[in-house]
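Report on one structure; see the data block that follows.
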Amino acid sequence: MPILTLTTDFGLKDGFVGVMKGVIWGICPEARIADLSHSVAPQNVLEGAFVLARACPFFPPGTVHLAVVDPGVGTERRPLAARLGDHFFVGPDNGLFTPVIEATERKGGALDFVHLTNPRYWLPDVSRTFHGRDLFAPVAAHLAGGVPLAELGPAITDPVRIPLPHPEKTASGWNAHVTGVDSFGNLTTDLPASALERRERVLFRLLGREVRGLVDSYGHEQPGALVALADSQGFVEIAAVNGSAAQLLGAQAGDVVEVLISG
C-alpha cells in the first residue's frame, strides 16, 4: 500500500487536516497517511522545511510527501511536484523543499520537478485560499496511486530555494543556528554534536544566556536548568529540563547560537 506523509502549519483545531485526508482517501483509498507535523509555526517556511527534511529519510522509497506551509497561496507562486531521490514531494514552490533538494544533490540522486498545471488531477473547484485541499492533496493522492510525475504538468528546472542556515566556523568555535522548536520547546540547531570533540570544554551562548558543556540526556540536570545535548539525530539541542527553552529564552528558528570551545 502506498505511504503518504503530511506536514502543515494548519494545527488541529479546525478540520483542514482531516478534509485533506478525506480528499486523499477519496482518490487513493489504499493510501496509508503519516502525520509528520501540523504544528509548524504559521507561515514559517524555514521551520517546515527542516521538519520535512529531517523526517523523510526514515520513510521507504516511493513515499509521497505532501507539505503545505504556504503564505503565498492564491498568488502567482507555482504549485510543484518533484521526485527527489526515490521519494516524491508535493507542495508550494516557495523553498519548502530546499533542504531535501540540497541533500539529494549531495548524494547525486534524481532531481525531477514539474509545475502542476494539469487540472485533471485537481478537485473540480479550486479555491484561492485552500490549495492544500483542492490541488495538493488530490495531486499527492494521484501520485500515490501510480500516476506518473510527467502527467501532472511540464518539467521545470528552477524550483525556488530559500537561504538555509549552516554552522559557521569561527576562531573560537562555531556560530550555529536554531532550525526548529519542537512541542516541548526544545531548540534544535544545525550544528552536529560530532563537531564538538571535547564536550566538557564548550560554552553555548544564546539570547543572553549561557550553557556549559554537553549532557547525555535531559535527566542529568535539575528541573528548570538549561542544558545542551545531542538530539535523536545527532544535532546540538538547547533544552530546559522539564520546561520550554523556547519560552524561557524567547527563542525561535533562525536565532544564532554562539559556540565557544576552550583549549
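If you're wondering about the labels, chains in the C-alpha cells are A, B, ... by order shown, residues count from 1 in each chain, ligands from 1 in order shown.
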
Taking 3 positions as the minimum chain separation for residues in the same chain, which residues sit within 10 Å of Leu260 in chain A when counting only C-alpha atoms? Answer as a list in words.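 Here the answer would be Thr170, Ala171, Ser172, Gly173, Trp174, Asn175, Arg201, Val202, Leu203, Phe204, Arg205, Arg212, Val257 and Gly263 of chain A.
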
Output file for the residues above (N, CA and C atoms, as a PDB file, in the first residue's frame):
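Ended up saving to out-v4.pdb:
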ATOM      1  N   THR A 170      34.294  29.640  13.394  1.00  0.00           N
ATOM      2  CA  THR A 170      34.887  30.894  13.863  1.00  0.00           C
ATOM      3  C   THR A 170      36.231  30.589  14.518  1.00  0.00           C
ATOM      4  N   ALA A 171      36.955  31.634  14.880  1.00  0.00           N
ATOM      5  CA  ALA A 171      38.260  31.450  15.520  1.00  0.00           C
ATOM      6  C   ALA A 171      38.135  30.752  16.867  1.00  0.00           C
ATOM      7  N   SER A 172      36.994  30.915  17.530  1.00  0.00           N
ATOM      8  CA  SER A 172      36.822  30.344  18.869  1.00  0.00           C
ATOM      9  C   SER A 172      35.841  29.182  18.922  1.00  0.00           C
ATOM     10  N   GLY A 173      35.285  28.783  17.768  1.00  0.00           N
ATOM     11  CA  GLY A 173      34.339  27.670  17.759  1.00  0.00           C
ATOM     12  C   GLY A 173      33.414  27.706  16.559  1.00  0.00           C
ATOM     13  N   TRP A 174      32.131  27.954  16.818  1.00  0.00           N
ATOM     14  CA  TRP A 174      31.128  27.951  15.760  1.00  0.00           C
ATOM     15  C   TRP A 174      30.060  28.994  16.043  1.00  0.00           C
ATOM     16  N   ASN A 175      29.427  29.449  14.994  1.00  0.00           N
ATOM     17  CA  ASN A 175      28.125  30.100  15.097  1.00  0.00           C
ATOM     18  C   ASN A 175      27.101  29.136  14.510  1.00  0.00           C
ATOM     19  N   ARG A 201      34.314  21.079  27.360  1.00  0.00           N
ATOM     20  CA  ARG A 201      35.019  22.356  27.189  1.00  0.00           C
ATOM     21  C   ARG A 201      34.327  23.244  26.169  1.00  0.00           C
ATOM     22  N   VAL A 202      33.045  23.235  26.180  1.00  0.00           N
ATOM     23  CA  VAL A 202      32.283  24.042  25.226  1.00  0.00           C
ATOM     24  C   VAL A 202      31.274  24.896  25.981  1.00  0.00           C
ATOM     25  N   LEU A 203      31.103  26.121  25.504  1.00  0.00           N
ATOM     26  CA  LEU A 203      30.158  27.052  26.089  1.00  0.00           C
ATOM     27  C   LEU A 203      29.217  27.537  24.992  1.00  0.00           C
ATOM     28  N   PHE A 204      27.904  27.493  25.273  1.00  0.00           N
ATOM     29  CA  PHE A 204      26.895  27.942  24.321  1.00  0.00           C
ATOM     30  C   PHE A 204      26.295  29.255  24.820  1.00  0.00           C
ATOM     31  N   ARG A 205      26.192  30.227  23.929  1.00  0.00           N
ATOM     32  CA  ARG A 205      25.557  31.498  24.254  1.00  0.00           C
ATOM     33  C   ARG A 205      24.384  31.731  23.315  1.00  0.00           C
ATOM     34  N   ARG A 212      26.913  25.544  29.737  1.00  0.00           N
ATOM     35  CA  ARG A 212      28.254  24.955  29.701  1.00  0.00           C
ATOM     36  C   ARG A 212      28.184  23.450  29.502  1.00  0.00           C
ATOM     37  N   VAL A 257      23.288  30.734  17.787  1.00  0.00           N
ATOM     38  CA  VAL A 257      23.852  30.138  18.982  1.00  0.00           C
ATOM     39  C   VAL A 257      25.375  30.215  18.853  1.00  0.00           C
ATOM     40  N   GLY A 263      40.531  25.626  25.020  1.00  0.00           N
ATOM     41  CA  GLY A 263      41.641  24.745  24.684  1.00  0.00           C
ATOM     42  C   GLY A 263      41.841  23.626  25.689  1.00  0.00           C
TER      43      GLY A 263
END

Among range 70-222 of chain A, which residues does DSSP mark as strand (DSSP E) when it is run on the backbone? Keep the chain and numbering as in the structure and answer as a PyMOL selection string. chain A and resi 79-84+87-92+111-115+155-156+168-170+173-181+187-192+202-206+209-212

Set the distance at 7 Å and use only C-alpha atoms: which residues neighbour Leu84 in chain A once local chain neighbours fewer than 5 positions away are removed? I'd like the list as a list in words. Ile101, Thr104, Gly109, Ala110, Leu111 and Asp112 of chain A

Generate the output file for the selected residues, N, CA, C and O atoms, as a PDB file, in the first residue's frame.
ATOM      1  N   ILE A 101      16.238  19.101  -1.453  1.00  0.00           N
ATOM      2  CA  ILE A 101      16.908  19.274  -2.743  1.00  0.00           C
ATOM      3  C   ILE A 101      18.419  19.257  -2.551  1.00  0.00           C
ATOM      4  O   ILE A 101      19.150  18.563  -3.267  1.00  0.00           O
ATOM      5  N   THR A 104      19.691  15.798  -1.681  1.00  0.00           N
ATOM      6  CA  THR A 104      19.650  14.918  -2.851  1.00  0.00           C
ATOM      7  C   THR A 104      20.793  15.237  -3.807  1.00  0.00           C
ATOM      8  O   THR A 104      21.415  14.328  -4.372  1.00  0.00           O
ATOM      9  N   GLY A 109      21.401  12.060  -6.287  1.00  0.00           N
ATOM     10  CA  GLY A 109      20.134  11.408  -6.581  1.00  0.00           C
ATOM     11  C   GLY A 109      19.362  12.096  -7.685  1.00  0.00           C
ATOM     12  O   GLY A 109      19.738  13.164  -8.185  1.00  0.00           O
ATOM     13  N   ALA A 110      18.245  11.482  -8.070  1.00  0.00           N
ATOM     14  CA  ALA A 110      17.394  12.032  -9.129  1.00  0.00           C
ATOM     15  C   ALA A 110      16.753  13.331  -8.666  1.00  0.00           C
ATOM     16  O   ALA A 110      16.351  13.468  -7.506  1.00  0.00           O
ATOM     17  N   LEU A 111      16.638  14.280  -9.602  1.00  0.00           N
ATOM     18  CA  LEU A 111      16.008  15.569  -9.327  1.00  0.00           C
ATOM     19  C   LEU A 111      15.086  15.900 -10.497  1.00  0.00           C
ATOM     20  O   LEU A 111      15.551  16.295 -11.566  1.00  0.00           O
ATOM     21  N   ASP A 112      13.794  15.709 -10.313  1.00  0.00           N
ATOM     22  CA  ASP A 112      12.820  15.996 -11.362  1.00  0.00           C
ATOM     23  C   ASP A 112      11.714  16.857 -10.756  1.00  0.00           C
ATOM     24  O   ASP A 112      11.141  16.505  -9.720  1.00  0.00           O
TER      25      ASP A 112
END

Point-to-point distance in Å for CA of Ala103 in chain A and CA of Leu196 in chain A: 22.5 Å

Would you mind reading off the distance between CA of His142 in chain A and CA of Ile24 in chain A, one decimal, in Å?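 Pair CA of His142 in chain A / CA of Ile24 in chain A returns 8.3 Å.
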
DSSP on the backbone, then: every residue of range 24-70 of chain A marked helix (DSSP H, G or I), written as a PDB file with N, CA, C and O atoms, in the first residue's frame.
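The result, written out as result-v4.pdb:
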ATOM      1  N   ILE A  24      -7.677  12.717  -0.074  1.00  0.00           N
ATOM      2  CA  ILE A  24      -6.688  11.698  -0.454  1.00  0.00           C
ATOM      3  C   ILE A  24      -7.339  10.324  -0.514  1.00  0.00           C
ATOM      4  O   ILE A  24      -7.181   9.586  -1.504  1.00  0.00           O
ATOM      5  N   TRP A  25      -8.092   9.965   0.518  1.00  0.00           N
ATOM      6  CA  TRP A  25      -8.704   8.629   0.544  1.00  0.00           C
ATOM      7  C   TRP A  25      -9.797   8.484  -0.509  1.00  0.00           C
ATOM      8  O   TRP A  25     -10.052   7.383  -0.994  1.00  0.00           O
ATOM      9  N   GLY A  26     -10.435   9.593  -0.898  1.00  0.00           N
ATOM     10  CA  GLY A  26     -11.425   9.516  -1.961  1.00  0.00           C
ATOM     11  C   GLY A  26     -10.818   9.169  -3.299  1.00  0.00           C
ATOM     12  O   GLY A  26     -11.481   8.583  -4.166  1.00  0.00           O
ATOM     13  N   ILE A  27      -9.552   9.516  -3.487  1.00  0.00           N
ATOM     14  CA  ILE A  27      -8.841   9.243  -4.739  1.00  0.00           C
ATOM     15  C   ILE A  27      -8.000   7.982  -4.642  1.00  0.00           C
ATOM     16  O   ILE A  27      -7.935   7.180  -5.589  1.00  0.00           O
ATOM     17  N   VAL A  45       8.122  28.986   6.624  1.00  0.00           N
ATOM     18  CA  VAL A  45       8.564  28.037   5.598  1.00  0.00           C
ATOM     19  C   VAL A  45       9.867  27.353   6.010  1.00  0.00           C
ATOM     20  O   VAL A  45      10.046  26.145   5.798  1.00  0.00           O
ATOM     21  N   LEU A  46      10.783  28.106   6.620  1.00  0.00           N
ATOM     22  CA  LEU A  46      12.065  27.522   7.023  1.00  0.00           C
ATOM     23  C   LEU A  46      11.865  26.403   8.034  1.00  0.00           C
ATOM     24  O   LEU A  46      12.455  25.322   7.903  1.00  0.00           O
ATOM     25  N   GLU A  47      11.040  26.630   9.033  1.00  0.00           N
ATOM     26  CA  GLU A  47      10.794  25.583  10.032  1.00  0.00           C
ATOM     27  C   GLU A  47      10.156  24.363   9.390  1.00  0.00           C
ATOM     28  O   GLU A  47      10.552  23.222   9.658  1.00  0.00           O
ATOM     29  N   GLY A  48       9.161  24.586   8.529  1.00  0.00           N
ATOM     30  CA  GLY A  48       8.535  23.458   7.843  1.00  0.00           C
ATOM     31  C   GLY A  48       9.516  22.684   6.995  1.00  0.00           C
ATOM     32  O   GLY A  48       9.464  21.449   6.922  1.00  0.00           O
ATOM     33  N   ALA A  49      10.446  23.401   6.366  1.00  0.00           N
ATOM     34  CA  ALA A  49      11.443  22.755   5.519  1.00  0.00           C
ATOM     35  C   ALA A  49      12.318  21.806   6.324  1.00  0.00           C
ATOM     36  O   ALA A  49      12.620  20.683   5.887  1.00  0.00           O
ATOM     37  N   PHE A  50      12.709  22.226   7.525  1.00  0.00           N
ATOM     38  CA  PHE A  50      13.563  21.369   8.345  1.00  0.00           C
ATOM     39  C   PHE A  50      12.786  20.209   8.955  1.00  0.00           C
ATOM     40  O   PHE A  50      13.311  19.095   9.092  1.00  0.00           O
ATOM     41  N   VAL A  51      11.535  20.441   9.339  1.00  0.00           N
ATOM     42  CA  VAL A  51      10.702  19.336   9.845  1.00  0.00           C
ATOM     43  C   VAL A  51      10.626  18.229   8.794  1.00  0.00           C
ATOM     44  O   VAL A  51      10.835  17.040   9.081  1.00  0.00           O
ATOM     45  N   LEU A  52      10.336  18.620   7.571  1.00  0.00           N
ATOM     46  CA  LEU A  52      10.205  17.643   6.487  1.00  0.00           C
ATOM     47  C   LEU A  52      11.522  16.958   6.192  1.00  0.00           C
ATOM     48  O   LEU A  52      11.592  15.727   6.078  1.00  0.00           O
ATOM     49  N   ALA A  53      12.598  17.737   6.077  1.00  0.00           N
ATOM     50  CA  ALA A  53      13.892  17.178   5.679  1.00  0.00           C
ATOM     51  C   ALA A  53      14.422  16.179   6.704  1.00  0.00           C
ATOM     52  O   ALA A  53      15.071  15.194   6.338  1.00  0.00           O
ATOM     53  N   ARG A  54      14.155  16.419   7.969  1.00  0.00           N
ATOM     54  CA  ARG A  54      14.685  15.519   8.996  1.00  0.00           C
ATOM     55  C   ARG A  54      13.840  14.260   9.148  1.00  0.00           C
ATOM     56  O   ARG A  54      14.317  13.247   9.672  1.00  0.00           O
ATOM     57  N   ALA A  55      12.599  14.303   8.689  1.00  0.00           N
ATOM     58  CA  ALA A  55      11.720  13.140   8.840  1.00  0.00           C
ATOM     59  C   ALA A  55      11.735  12.218   7.629  1.00  0.00           C
ATOM     60  O   ALA A  55      11.679  10.992   7.775  1.00  0.00           O
ATOM     61  N   CYS A  56      11.806  12.786   6.426  1.00  0.00           N
ATOM     62  CA  CYS A  56      11.572  11.958   5.240  1.00  0.00           C
ATOM     63  C   CYS A  56      12.598  10.842   5.025  1.00  0.00           C
ATOM     64  O   CYS A  56      12.239   9.809   4.446  1.00  0.00           O
ATOM     65  N   PRO A  57      13.864  10.951   5.486  1.00  0.00           N
ATOM     66  CA  PRO A  57      14.782   9.823   5.266  1.00  0.00           C
ATOM     67  C   PRO A  57      14.367   8.538   5.970  1.00  0.00           C
ATOM     68  O   PRO A  57      14.877   7.459   5.633  1.00  0.00           O
ATOM     69  N   PHE A  58      13.448   8.622   6.921  1.00  0.00           N
ATOM     70  CA  PHE A  58      13.038   7.434   7.662  1.00  0.00           C
ATOM     71  C   PHE A  58      11.886   6.691   6.996  1.00  0.00           C
ATOM     72  O   PHE A  58      11.406   5.684   7.520  1.00  0.00           O
TER      73      PHE A  58
END

So which residues touch range 244-250 of chain A within 6 Å, counting only C-alpha atoms, skipping near sequence neighbours fewer than 5 positions away, as a list in words?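 Surrounding residues, per the criterion: Phe184, Gly185, Asn186 and Ala239 of chain A.
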
Please produce an output containing N, CA, C and O atoms for each residue in the selection, written as a compact mmCIF listing (two decimals), in the first residue's frame.
# COMPACT_ATOMS: atom_id res chain seq x y z
N PHE A 184 8.00 20.44 22.89
CA PHE A 184 8.46 20.61 24.27
C PHE A 184 9.15 21.95 24.47
O PHE A 184 9.53 22.29 25.60
N GLY A 185 9.38 22.69 23.38
CA GLY A 185 10.13 23.94 23.48
C GLY A 185 11.63 23.75 23.37
O GLY A 185 12.40 24.67 23.64
N ASN A 186 12.07 22.54 22.98
CA ASN A 186 13.49 22.30 22.75
C ASN A 186 13.93 22.96 21.46
O ASN A 186 13.18 22.98 20.47
N ALA A 239 17.88 22.84 25.57
CA ALA A 239 16.61 22.48 26.21
C ALA A 239 16.57 23.01 27.63
O ALA A 239 17.61 23.30 28.24

For His115 in chain A, the nearest of the candidates A:Glu221, A:Glu151, A:Asp35, A:Glu102, counting only C-alpha atoms: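 Closest to His115 in chain A of all the choices is A:Glu151.
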
I want to know what sits within 12 Å of Ile156 in chain A, based on only C-alpha atoms, with residues of the same chain fewer than 6 positions away left out; could you give that as a VMD selection string? chain A and resid 78 to 83 93 111 to 117 149 to 150

Shell of 6 Å around Leu191 in chain A, only C-alpha atoms, local chain residues under 2 positions omitted, as a compact mmCIF listing (two decimals) with N, CA and C atoms, in the first residue's frame:
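part-v3.txt was written with the following content:
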# COMPACT_ATOMS: atom_id res chain seq x y z
N PRO A 167 26.10 25.97 9.98
CA PRO A 167 27.04 26.38 11.02
C PRO A 167 28.29 27.01 10.41
N ALA A 176 26.26 28.60 15.37
CA ALA A 176 25.19 27.69 14.94
C ALA A 176 23.88 28.48 14.89
N THR A 189 19.38 22.76 16.59
CA THR A 189 20.31 23.61 15.84
C THR A 189 20.84 22.85 14.62
N PHE A 235 22.21 16.27 16.30
CA PHE A 235 22.46 17.70 16.27
C PHE A 235 22.39 18.28 17.68
N VAL A 236 23.17 19.35 17.90
CA VAL A 236 23.12 20.03 19.19
C VAL A 236 21.73 20.62 19.42

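When only C-alpha atoms are used to compute distances to Gly91 in chain A, the closest of the residues A:Thr7, A:Arg161, A:Ile33, A:Val126 turns out to be A:Thr7.
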
Which residue, A:Thr157, A:Asp182, A:Asn242, A:Gly145, has the smallest gap to His220 in chain A when you use only C-alpha atoms? A:Asn242

Within 10 Å of Thr129 in chain A using only C-alpha atoms, minus same-chain residues under 4 positions, as a tab-separated table (two decimals) with C-alpha atoms, in the first residue's frame:
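Printed below is out-v4.tsv as written:
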chain	number	residue	atom	x	y	z
A	70	ASP	CA	2.01	28.31	2.05
A	71	PRO	CA	1.85	32.02	2.92
A	72	GLY	CA	1.67	32.77	-0.83
A	73	VAL	CA	-1.45	30.71	-1.50
A	74	GLY	CA	-3.60	32.31	-4.20
A	75	THR	CA	-0.73	34.36	-5.64
A	133	ARG	CA	-7.37	20.55	-0.16
A	134	ASP	CA	-8.15	21.41	-3.75

May I ask for the distance between CA of Met20 in chain A and CA of Pro154 in chain A, given in Å to one decimal place? 24.6 Å
